[in-house]
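Student: Here's a structure for you.
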There are 2 protein chains.
Amino acid sequence: MSQSQYEELTRQLVQISLLGSCGSVLGWDEQTMMPPKGAEHRANQSSLLAGMVHERSTDSRLGELLNDLEQSGEYADERPESANVRDARRRFDRATKLPRKLVEEMSRVSTLAQHAWVEARKKSDFSHFQPWLEKTVALKREEAAAIGFADGGVPYDALLDEYEPGMSTAEVSAVFTPLREGLVELGAAIRNSGIEPDASIITRRYPIDAQRRFSRFAAEKIGFDFEAGRIDEAPHPFCSGFGPGDCRLTTRYDEHHFSGAFFGTLHEAGHGMYEQGLDNSYYGTAMGHSCSLGIHESQSRMWENFVGRGRAFWEHFYPSAQQEFPEALGETSADEFHRAVNDVRSSLIRVEADEVTYNLHIMIRFELEQALVTGDLSVTDVPAAWNQAYRDYLGIEPPTAADGCLQDIHWSGGMLGYFPTYALGNMYAAQLFNAARRDLGDLDAMFARGEFSPLKDWLNKNVHQRGMQYSAGRLVEIVTGEQLSHEPLLAHLKSRFEPLYGLA
Amino acid sequence: MSQSQYEELTRQLVQISLLGSCGSVLGWDEQTMMPPKGAEHRANQSSLLAGMVHERSTDSRLGELLNDLEQSGEYADERPESANVRDARRRFDRATKLPRKLVEEMSRVSTLAQHAWVEARKKSDFSHFQPWLEKTVALKREEAAAIGFADGGVPYDALLDEYEPGMSTAEVSAVFTPLREGLVELGAAIRNSGIEPDASIITRRYPIDAQRRFSRFAAEKIGFDFEAGRIDEAPHPFCSGFGPGDCRLTTRYDEHHFSGAFFGTLHEAGHGMYEQGLDNSYYGTAMGHSCSLGIHESQSRMWENFVGRGRAFWEHFYPSAQQEFPEALGETSADEFHRAVNDVRSSLIRVEADEVTYNLHIMIRFELEQALVTGDLSVTDVPAAWNQAYRDYLGIEPPTAADGCLQDIHWSGGMLGYFPTYALGNMYAAQLFNAARRDLGDLDAMFARGEFSPLKDWLNKNVHQRGMQYSAGRLVEIVTGEQLSHEPLLAHLKSRFEPLYGLA
């Protein structure tokens, strides 16, 4: 009885995913290929598909099937089928709890808010964006109230749950606080070390054709399958998994900045290898879906930072880099280069931040977002609060709003609750990387030999193939034997940066 | 009363077009961008969208609206609104008259038949394709019976009507017969002229980067708007208009063949300029849609042949060509080059045929298709009949089936009734080109000066903006004052080739 209902449920979920994935193709094309005059027609196409996905996601038949399956009592454990039913319920509830009017208003406001944000950022004029951020915050509060949250929780939980299912604001705060202390301490030690790498190595001339070739070479070498994906250029780097066998990465090139495109490509390839590693037999259901944004980010940051900025990685890749970029690197040693790609210093722009200070940028946003949702912070006061936080956390102050509270796209798109997943990803990455080392042995020796498949295969098996069977926290616990913690990340950062800066 | 029903009808038609255009994006991506392992997922996406388009196209509400609008008596004239209602009826009838089982079977058979055709062509073994062509012909007969045709007509009419609405088999035959006589005569005169251009000019080395630049330059110069479109590479050249502001062209490059990519690009740009010239305010309805495949082909062939292979065109472009291809063309005169791109000789492969013999390839297919549909020709006898026709029409015989009846993809995809539109396009092109010259004056003098916008603007106004307001035959009559005729095409060919071959 419940078997046939389960099958009907999954059939419907597969159709919804398929339809959504058509929208992903259109979205990718819009960012990479579409000619400028196609924008209006593309908006009409995408809006039609989004409406159809929403219609199918809120179909009352889904609700009936879920009720029946839940009442059968057969889907309350940790089996894959139970995970699929549980996540289908979560999505169905999120979709149906939001009044249609609110969904339409959010869609309308976010389109207009993004235009206003682009303008405001260009002019570095917060007042241009302010009314739109006010509307956005008001709508996100309505959304949080409509979605609801667990007893003892806060409205921000409802927003966070969209990106990091099962994670609460309190749990995030509990790890962010000690992480912040450790990061501030490490950052101060680095600043006081008196050592500064020659960061100008990174801004020499790196011809774009060679960058394109070299970063693709590295992405392929670490395990991104170009028979099941591709890489193109876009104004904002991203990864879009369309479904089985097709995952698209994007990056952007700057002739005078090596790190942006190269580490950006490793980062997106890390996301892409997660998508490519999903269990296709579960396509359309939770078991065939990435676990959370935090876990997704753990994959991209692991390949970008834990692997890609490690000395062992460059033991293997530096000779090729010198061949590709003889003008920039011909006379530079691997050690000098490695120190340059690990330059730590307080900076204004999150996406350009180093591994140590990056998480402080995240915490600032997390705190401001919570205050906006509770109402403790009014939108008018955001620029002042932002600048104060940068002084407190990083010891610097943005000279303009464009370099300050207008730098990120997220708020204009209504994505409140998203930022914490970046820092969670860094912590998960450290924990998973430790577990991989525990299971596989000397990873650095493998990387130095150009062997990346042991780590990739391990991630396939321990993370990717498990889909959403567990929440992110539970997955990490199962794989590593530990609960979410800031300590492995701090330990990783110390072991990397203390030697580079002659500390301890 | 009928106004609100008309609006509801057009709203539904717009939605159907929008959804169909999402499928076009996926189809384009499949041919140009998709990594190989994405094929199965793409098939699932496309099939879902196609099913949804079919569902909406056969929605009984459409039928009710059409009945009401027709009964109102207000939509029986040549006004744009009436054309929209009339064509909506034609499409609705075609969609609803076909039993679902037949549609599914045709879709299934065509997928398998195309695989079999690829194999058969590779091995040059017709027997491998034969059973699939038998199934296809049987299904097309069923389709013709289900669709029906006018009194005194033949089943082939029903197939032709899909591509060239309103045109009958008898009308096609009535122009093909005298056209054939004229072409055979002109071809014989050329063969007997004793003059042969140096065709080897075309197969010198033309570096692909320069071909890409030069053909794009020419496409832009004749009027294709790259702000509203783009060109990429694909195994089979095509043009796909996604909708307002977005039209995609493809071509393919061969370092040792100038004409393929260059004239292929002009050809596809001609299709593209038609799509870009449609009246966007009518998007989704017949008035915003190209008139017929024959008229579409008249646009591509006009820019490719009437304009692009003319001496005046090269008066303007040859200096740039010599700059781009100094090795191939540095020592070659414009006249020699122009003769080489107008080399006429009987050949086996339709898509490589010159302007004179091309239409004979079409007539062979048209006659065989009719005989297959009536049953006068059995599929087993296709290779022999094909070869006999090539001896009769072109004086040559294919040495293999791959160079003979297996060369085209159309039959494997169930596209019987499509071929005649290619030759109709050539005739329409000649008639429209004459009318443009009548209205605009000395076109050659304009082309020699690099002025192509007068012709493009004329086509926008007289052809593109009229959409499907009239049938193809009626459109040509309104624009040119003449009915469909073979004579202007023959006159064009004589005026071009008689001087080149020292005739008359």
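Just remember, in the structure tokens the first chain shown is A, the second B, etc., residues are 1-based per chain, and ligands are 1-based in the order shown.
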Going by DSSP on the backbone, which residues of stretch 245-395 of chain B come out as helix (DSSP H, G or I)? List them as a PyMOL selection string.
Tutor: chain B and resi 258-277+280-282+286-288+293-307+311-324+326-329+334-340+350-352+358-374+379-394
Student: Distance cut-off 7 Å, counting only C-alpha atoms - which residues of chain A neighbour chain B? Return them as a count of residues only.
Tutor: 17
Student: Do you know which residues are at most 12 Å from B:Arg61 counting only C-alpha atoms, after dropping those on the same chain fewer than 2 positions away, and could you put them as a list in words?
Tutor: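 Residues meeting the cut-off are Gln5, Glu8, Leu9, Gln12, Leu13, Glu55, Arg56, Ser57, Thr58, Asp59, Gly63, Glu64, Leu65, Leu66, Asn67, Asp68 and Phe92 of chain B.
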Student: Could you turn the residues from that selection into a file that holds N, CA and C atoms, as a compact mmCIF listing (two decimals), in the first residue's frame?
Tutor:
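Writing the result to out_11.txt gives the following:
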```txt
# COMPACT_ATOMS: atom_id res chain seq x y z
N GLN B 5 -12.73 36.45 -25.64
CA GLN B 5 -12.34 35.08 -25.98
C GLN B 5 -11.07 35.08 -26.85
N GLU B 8 -8.25 35.55 -24.50
CA GLU B 8 -7.93 34.33 -23.77
C GLU B 8 -7.17 33.36 -24.69
N LEU B 9 -7.63 33.28 -25.93
CA LEU B 9 -6.95 32.40 -26.90
C LEU B 9 -5.48 32.80 -27.05
N GLN B 12 -3.28 31.96 -24.13
CA GLN B 12 -2.90 30.54 -24.10
C GLN B 12 -1.84 30.23 -25.14
N LEU B 13 -1.98 30.84 -26.33
CA LEU B 13 -1.01 30.58 -27.39
C LEU B 13 0.38 31.09 -27.00
N GLU B 55 0.18 18.75 -24.31
CA GLU B 55 -0.99 18.78 -23.43
C GLU B 55 -1.72 20.12 -23.55
N ARG B 56 -0.94 21.20 -23.53
CA ARG B 56 -1.57 22.52 -23.62
C ARG B 56 -2.11 22.80 -25.02
N SER B 57 -1.46 22.21 -26.03
CA SER B 57 -1.90 22.46 -27.41
C SER B 57 -3.19 21.74 -27.75
N THR B 58 -3.53 20.74 -26.95
CA THR B 58 -4.74 19.97 -27.22
C THR B 58 -5.79 20.20 -26.14
N ASP B 59 -5.55 21.18 -25.30
CA ASP B 59 -6.48 21.51 -24.22
C ASP B 59 -7.87 21.81 -24.81
N GLY B 63 -10.22 24.40 -27.99
CA GLY B 63 -11.24 24.03 -28.96
C GLY B 63 -12.52 24.84 -28.77
N GLU B 64 -12.92 25.00 -27.51
CA GLU B 64 -14.13 25.79 -27.24
C GLU B 64 -13.97 27.23 -27.72
N LEU B 65 -12.82 27.80 -27.39
CA LEU B 65 -12.58 29.19 -27.79
C LEU B 65 -12.61 29.32 -29.30
N LEU B 66 -11.97 28.38 -29.98
CA LEU B 66 -11.93 28.44 -31.44
C LEU B 66 -13.34 28.31 -32.03
N ASN B 67 -14.12 27.37 -31.49
CA ASN B 67 -15.50 27.22 -31.98
C ASN B 67 -16.28 28.52 -31.84
N ASP B 68 -16.18 29.11 -30.64
CA ASP B 68 -16.93 30.34 -30.39
C ASP B 68 -16.49 31.46 -31.34
N PHE B 92 -4.42 23.40 -33.83
CA PHE B 92 -5.23 22.63 -32.88
C PHE B 92 -5.74 21.35 -33.55
```
Student: Identify, on the basis of only C-alpha atoms, every residue whose closest approach to A:Glu482 does not exceed 12 Å; exclude the query and any residue fewer than 2 positions from it along the same chain; express the result as a VMD selection string.
Tutor: chain A and resid 427 to 428 430 to 432 434 to 435 473 to 480 484 to 488
Student: List the spatial neighbours of B:Ser320 as a PDB file with N, CA and C atoms, in the first residue's frame - criterion: any atom at most 12 Å away, only C-alpha atoms, same-chain residues fewer than 3 positions off excluded.
Tutor:
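This is the output file out37.pdb:
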```
ATOM      1  N   ALA B 210      40.329  32.789 -38.892  1.00  0.00           N
ATOM      2  CA  ALA B 210      40.026  33.836 -39.874  1.00  0.00           C
ATOM      3  C   ALA B 210      38.654  33.585 -40.509  1.00  0.00           C
ATOM      4  N   GLN B 211      38.311  32.324 -40.751  1.00  0.00           N
ATOM      5  CA  GLN B 211      36.975  32.020 -41.286  1.00  0.00           C
ATOM      6  C   GLN B 211      35.903  32.487 -40.312  1.00  0.00           C
ATOM      7  N   ARG B 213      36.085  34.815 -38.027  1.00  0.00           N
ATOM      8  CA  ARG B 213      36.021  36.272 -37.997  1.00  0.00           C
ATOM      9  C   ARG B 213      35.339  36.821 -39.248  1.00  0.00           C
ATOM     10  N   PHE B 214      35.746  36.283 -40.400  1.00  0.00           N
ATOM     11  CA  PHE B 214      35.270  36.846 -41.668  1.00  0.00           C
ATOM     12  C   PHE B 214      33.782  36.538 -41.889  1.00  0.00           C
ATOM     13  N   SER B 215      33.343  35.344 -41.539  1.00  0.00           N
ATOM     14  CA  SER B 215      31.937  35.032 -41.794  1.00  0.00           C
ATOM     15  C   SER B 215      31.036  35.787 -40.808  1.00  0.00           C
ATOM     16  N   PHE B 217      31.796  38.730 -39.579  1.00  0.00           N
ATOM     17  CA  PHE B 217      31.849  40.100 -40.110  1.00  0.00           C
ATOM     18  C   PHE B 217      30.809  40.283 -41.220  1.00  0.00           C
ATOM     19  N   ALA B 218      30.744  39.307 -42.128  1.00  0.00           N
ATOM     20  CA  ALA B 218      29.790  39.405 -43.237  1.00  0.00           C
ATOM     21  C   ALA B 218      28.352  39.299 -42.740  1.00  0.00           C
ATOM     22  N   PHE B 313      28.424  41.622 -54.558  1.00  0.00           N
ATOM     23  CA  PHE B 313      28.734  41.336 -53.152  1.00  0.00           C
ATOM     24  C   PHE B 313      30.242  41.268 -52.964  1.00  0.00           C
ATOM     25  N   TRP B 314      30.920  40.596 -53.899  1.00  0.00           N
ATOM     26  CA  TRP B 314      32.371  40.410 -53.760  1.00  0.00           C
ATOM     27  C   TRP B 314      33.153  41.646 -54.168  1.00  0.00           C
ATOM     28  N   GLU B 315      32.484  42.510 -54.936  1.00  0.00           N
ATOM     29  CA  GLU B 315      33.089  43.819 -55.187  1.00  0.00           C
ATOM     30  C   GLU B 315      33.391  44.488 -53.851  1.00  0.00           C
ATOM     31  N   HIS B 316      32.418  44.349 -52.938  1.00  0.00           N
ATOM     32  CA  HIS B 316      32.602  44.938 -51.612  1.00  0.00           C
ATOM     33  C   HIS B 316      33.498  44.089 -50.707  1.00  0.00           C
ATOM     34  N   PHE B 317      33.284  42.784 -50.683  1.00  0.00           N
ATOM     35  CA  PHE B 317      33.926  41.948 -49.662  1.00  0.00           C
ATOM     36  C   PHE B 317      35.287  41.374 -50.053  1.00  0.00           C
ATOM     37  N   GLN B 323      42.592  40.129 -47.349  1.00  0.00           N
ATOM     38  CA  GLN B 323      43.320  40.468 -46.122  1.00  0.00           C
ATOM     39  C   GLN B 323      43.266  39.346 -45.102  1.00  0.00           C
ATOM     40  N   GLU B 324      42.097  38.728 -44.971  1.00  0.00           N
ATOM     41  CA  GLU B 324      41.941  37.660 -43.983  1.00  0.00           C
ATOM     42  C   GLU B 324      42.654  36.388 -44.422  1.00  0.00           C
ATOM     43  N   PHE B 325      42.671  36.146 -45.742  1.00  0.00           N
ATOM     44  CA  PHE B 325      43.237  34.884 -46.252  1.00  0.00           C
ATOM     45  C   PHE B 325      44.327  35.170 -47.270  1.00  0.00           C
ATOM     46  N   PRO B 326      45.411  35.820 -46.833  1.00  0.00           N
ATOM     47  CA  PRO B 326      46.446  36.212 -47.800  1.00  0.00           C
ATOM     48  C   PRO B 326      47.069  35.000 -48.492  1.00  0.00           C
ATOM     49  N   LEU B 329      44.260  33.635 -51.026  1.00  0.00           N
ATOM     50  CA  LEU B 329      43.658  34.526 -52.027  1.00  0.00           C
ATOM     51  C   LEU B 329      44.551  35.668 -52.483  1.00  0.00           C
ATOM     52  N   GLY B 330      45.739  35.765 -51.907  1.00  0.00           N
ATOM     53  CA  GLY B 330      46.621  36.889 -52.210  1.00  0.00           C
ATOM     54  C   GLY B 330      46.883  37.083 -53.693  1.00  0.00           C
ATOM     55  N   ALA B 334      39.455  38.745 -58.018  1.00  0.00           N
ATOM     56  CA  ALA B 334      38.060  38.659 -57.582  1.00  0.00           C
ATOM     57  C   ALA B 334      37.229  37.867 -58.589  1.00  0.00           C
ATOM     58  N   GLY B 450      28.519  48.006 -50.238  1.00  0.00           N
ATOM     59  CA  GLY B 450      28.373  47.471 -48.880  1.00  0.00           C
ATOM     60  C   GLY B 450      27.088  47.900 -48.207  1.00  0.00           C
TER      61      GLY B 450
END
```
Student: Closest to B:Ser333 among B:Glu268, B:Asp198, B:Asp254, B:Asp444, using only C-alpha atoms?
Tutor: B:Asp198
Student: Please indicate the distance in Å from atom CA of A:Thr111 to atom CA of A:Gly414, rounded to one decimal place.
Tutor: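 Distance between the two atoms: 9.7 Å.
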